[in-house]
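Have a look at the structure below, then the notes.
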Amino acid sequence: MLGAVEAGGTKFRVASVDQDSLDVIDEVRIETTDPDSTIGATIDFLRSAKVGAVGVAAFGPLDLDRISPTYGSITATPKPGWSDTPLRRRLMEALDVPVGIQTDVEGAAMAEFELGAGRDCSTLVYVTVGTGIGAGITIDGRPHGGHGHSEFGHVPMTPVAGDNYTGRCPFHGTCAEGMASGPAIEDRWGRSGDGLADAPEVWDLEAVYLAQLVRIITYTVAPHRILFGGGVAQAPGLMERLRRAVAVDMAGYGTNPRLLGDLDTYLQPAALGQEAGLIGAALIARMTVG
């Protein structure tokens with residue numbers, strides 16, 4: 001039995017999962033309050049489930065440098081009270097089982113590779129566009145690793161002519177998250193994306209900024225496919241607009257002309273929806289024992 005923890009800023013989804021089938025055996029949802037209460041309730045559930053390993057797909061930023069003394073900790077997060085929380089260490093010490101940890105988007109990318117829209121892709125990028133923007137990279141189903149995790153939401157964007165918005169991000173202003181996240185849409189247009197479905201100018205502009213992000217990912221990672229998830233990415237017609245904008249932005253230049261000629265295959269919506277994080281957490285757990 002595996003323990004799967006989808007650690008979100010609003011709630012923790014914690015489940016016991018069959019190691020072979022990835023079927024959820026039991027699940028609980030825990031409100032994300034203070035670390036002691038939330039992690040304590042998580043430990044209580046996992047201990048009662050008698051899991052042999054735990055995987056965590058968590059909000060961040062995270063310290064994912066394996067040689068760091070604070071490996072597996074949430075670092076300087078805007079979530080009040082959670083900065084410098086040693087999430088992985090607390091679970092390991094309480095449960096005495098292996099614990100793996102990755103970002104929530106890395107977990108989602110792993111899940112989409114295993115069971116979703118990326119099953120035929122040895123190199124896959126999953127992009128979430130919602131309250132923030134983030135991306136996870138998997139290579140043959142395993143998360144890409146470095147001294148930390150990727151922060152594609154904070155790569156710079158070139159402001160579109162006539163767009164005088166200075167960006168939502170408090171660190172970088174006109175980065176991808178600053179220009180194209182859900183809060184950026186609401187700042188720029190005065191309403192959330194849900195109330196702008198019939199405003200094509202909103203989604204045309206959104207597609208142009210996301211196309212810049214696609215070009216950066218394509219030219220640096222060269223994935224076989226890029227998947228888009230998150231609330232903003234589900235806006236009607238956005239994926240079609242994005243493909244058209246990418247064709248313009250990349251100007252016919254790419255490392256794999258075949259992919260650029262088939263953007264319907266290269267750029268797709270994620271398939272697993274709200275279940276990707278929990279499935280990804282189970283895969284992270286399975287990776288620690290396999």
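Convention: chains lettered A, B, ... in structure tokens order; per-chain residue numbering from 1; ligands numbered from 1 as shown.
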Report task. Apply DSSP to the backbone of this structure and, from region 72-259 of chain A, keep only the residues in strand (DSSP E); write these as a ChimeraX atom specification. Result -> /A:99-103,123-129,133-139,142-143,225-229
Query raised in the report: Where in region 16-257 of chain A does DSSP assign alpha helix (DSSP H), given as JSON, numbers by chain?
Result: {"A": [35, 36, 37, 38, 39, 40, 41, 42, 43, 44, 45, 46, 47, 48, 49, 87, 88, 89, 90, 91, 92, 93, 94, 95, 104, 105, 106, 107, 108, 109, 110, 111, 112, 113, 114, 115, 176, 177, 178, 179, 180, 182, 183, 184, 185, 186, 187, 188, 189, 200, 201, 202, 203, 204, 205, 206, 207, 208, 209, 210, 211, 212, 213, 214, 215, 216, 217, 218, 219, 220, 221, 238, 239, 240, 241, 242, 243, 244, 245, 246, 247, 248, 249, 250, 257]}
**Report entry** Test item: residues at most 9 Å from region 38-45 of chain A, only C-alpha atoms, excluding those fewer than 2 positions along its chain, as a ChimeraX atom specification
**Finding:** /A:5,11-16,27-28,30-36,47-50,87,90-91,94-95
Writer output for current selection, C-alpha atoms, as a PDB file, in the first residue's frame:
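And here's part-v8.pdb as it stands now:
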```pdb
ATOM      1  CA  VAL A   5      -0.392  13.264  -0.460  1.00  0.00           C
ATOM      2  CA  LYS A  11      -6.458  21.450   1.221  1.00  0.00           C
ATOM      3  CA  PHE A  12      -4.418  18.263   1.514  1.00  0.00           C
ATOM      4  CA  ARG A  13      -5.809  15.201  -0.252  1.00  0.00           C
ATOM      5  CA  VAL A  14      -4.364  12.135   1.449  1.00  0.00           C
ATOM      6  CA  ALA A  15      -5.008   8.609   0.201  1.00  0.00           C
ATOM      7  CA  SER A  16      -3.956   5.006   0.490  1.00  0.00           C
ATOM      8  CA  GLU A  27      -9.041   9.032   1.004  1.00  0.00           C
ATOM      9  CA  VAL A  28      -9.437  12.002   3.317  1.00  0.00           C
ATOM     10  CA  ILE A  30      -7.732  17.948   5.254  1.00  0.00           C
ATOM     11  CA  GLU A  31      -8.021  21.722   5.317  1.00  0.00           C
ATOM     12  CA  THR A  32      -4.647  23.442   4.994  1.00  0.00           C
ATOM     13  CA  THR A  33      -4.436  25.441   8.199  1.00  0.00           C
ATOM     14  CA  ASP A  34      -1.229  25.578  10.242  1.00  0.00           C
ATOM     15  CA  PRO A  35       1.560  23.040   9.578  1.00  0.00           C
ATOM     16  CA  ASP A  36       1.228  21.208  12.899  1.00  0.00           C
ATOM     17  CA  ARG A  47      -0.279   5.611   9.986  1.00  0.00           C
ATOM     18  CA  SER A  48      -3.711   4.003  10.242  1.00  0.00           C
ATOM     19  CA  ALA A  49      -3.482   2.928   6.584  1.00  0.00           C
ATOM     20  CA  LYS A  50      -0.169   1.145   7.255  1.00  0.00           C
ATOM     21  CA  LEU A  87       7.385  18.511   5.211  1.00  0.00           C
ATOM     22  CA  ARG A  90       8.291  15.290   9.440  1.00  0.00           C
ATOM     23  CA  LEU A  91       6.509  12.559   7.491  1.00  0.00           C
ATOM     24  CA  ALA A  94       6.646  10.002  12.128  1.00  0.00           C
ATOM     25  CA  LEU A  95       5.975   7.095   9.770  1.00  0.00           C
TER      26      LEU A  95
END
```
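Shortest separation to Glu106 (chain A) among A:Pro61, A:Gly136, A:Gly72, A:Gly130 occurs at residue A:Gly136, atoms counted being only C-alpha atoms.
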Report task. Could you give me, as a list in words, the residues within 9 Å of Thr128 (chain A), counting only C-alpha atoms and dropping anything in the same chain fewer than 4 positions from it? Result -> Val105, Gly132, Ile133, Gly134, Ala135, Gly136, Leu227, Phe228, Gly229, Gly230, Gly231, Val232 and Ala233 of chain A
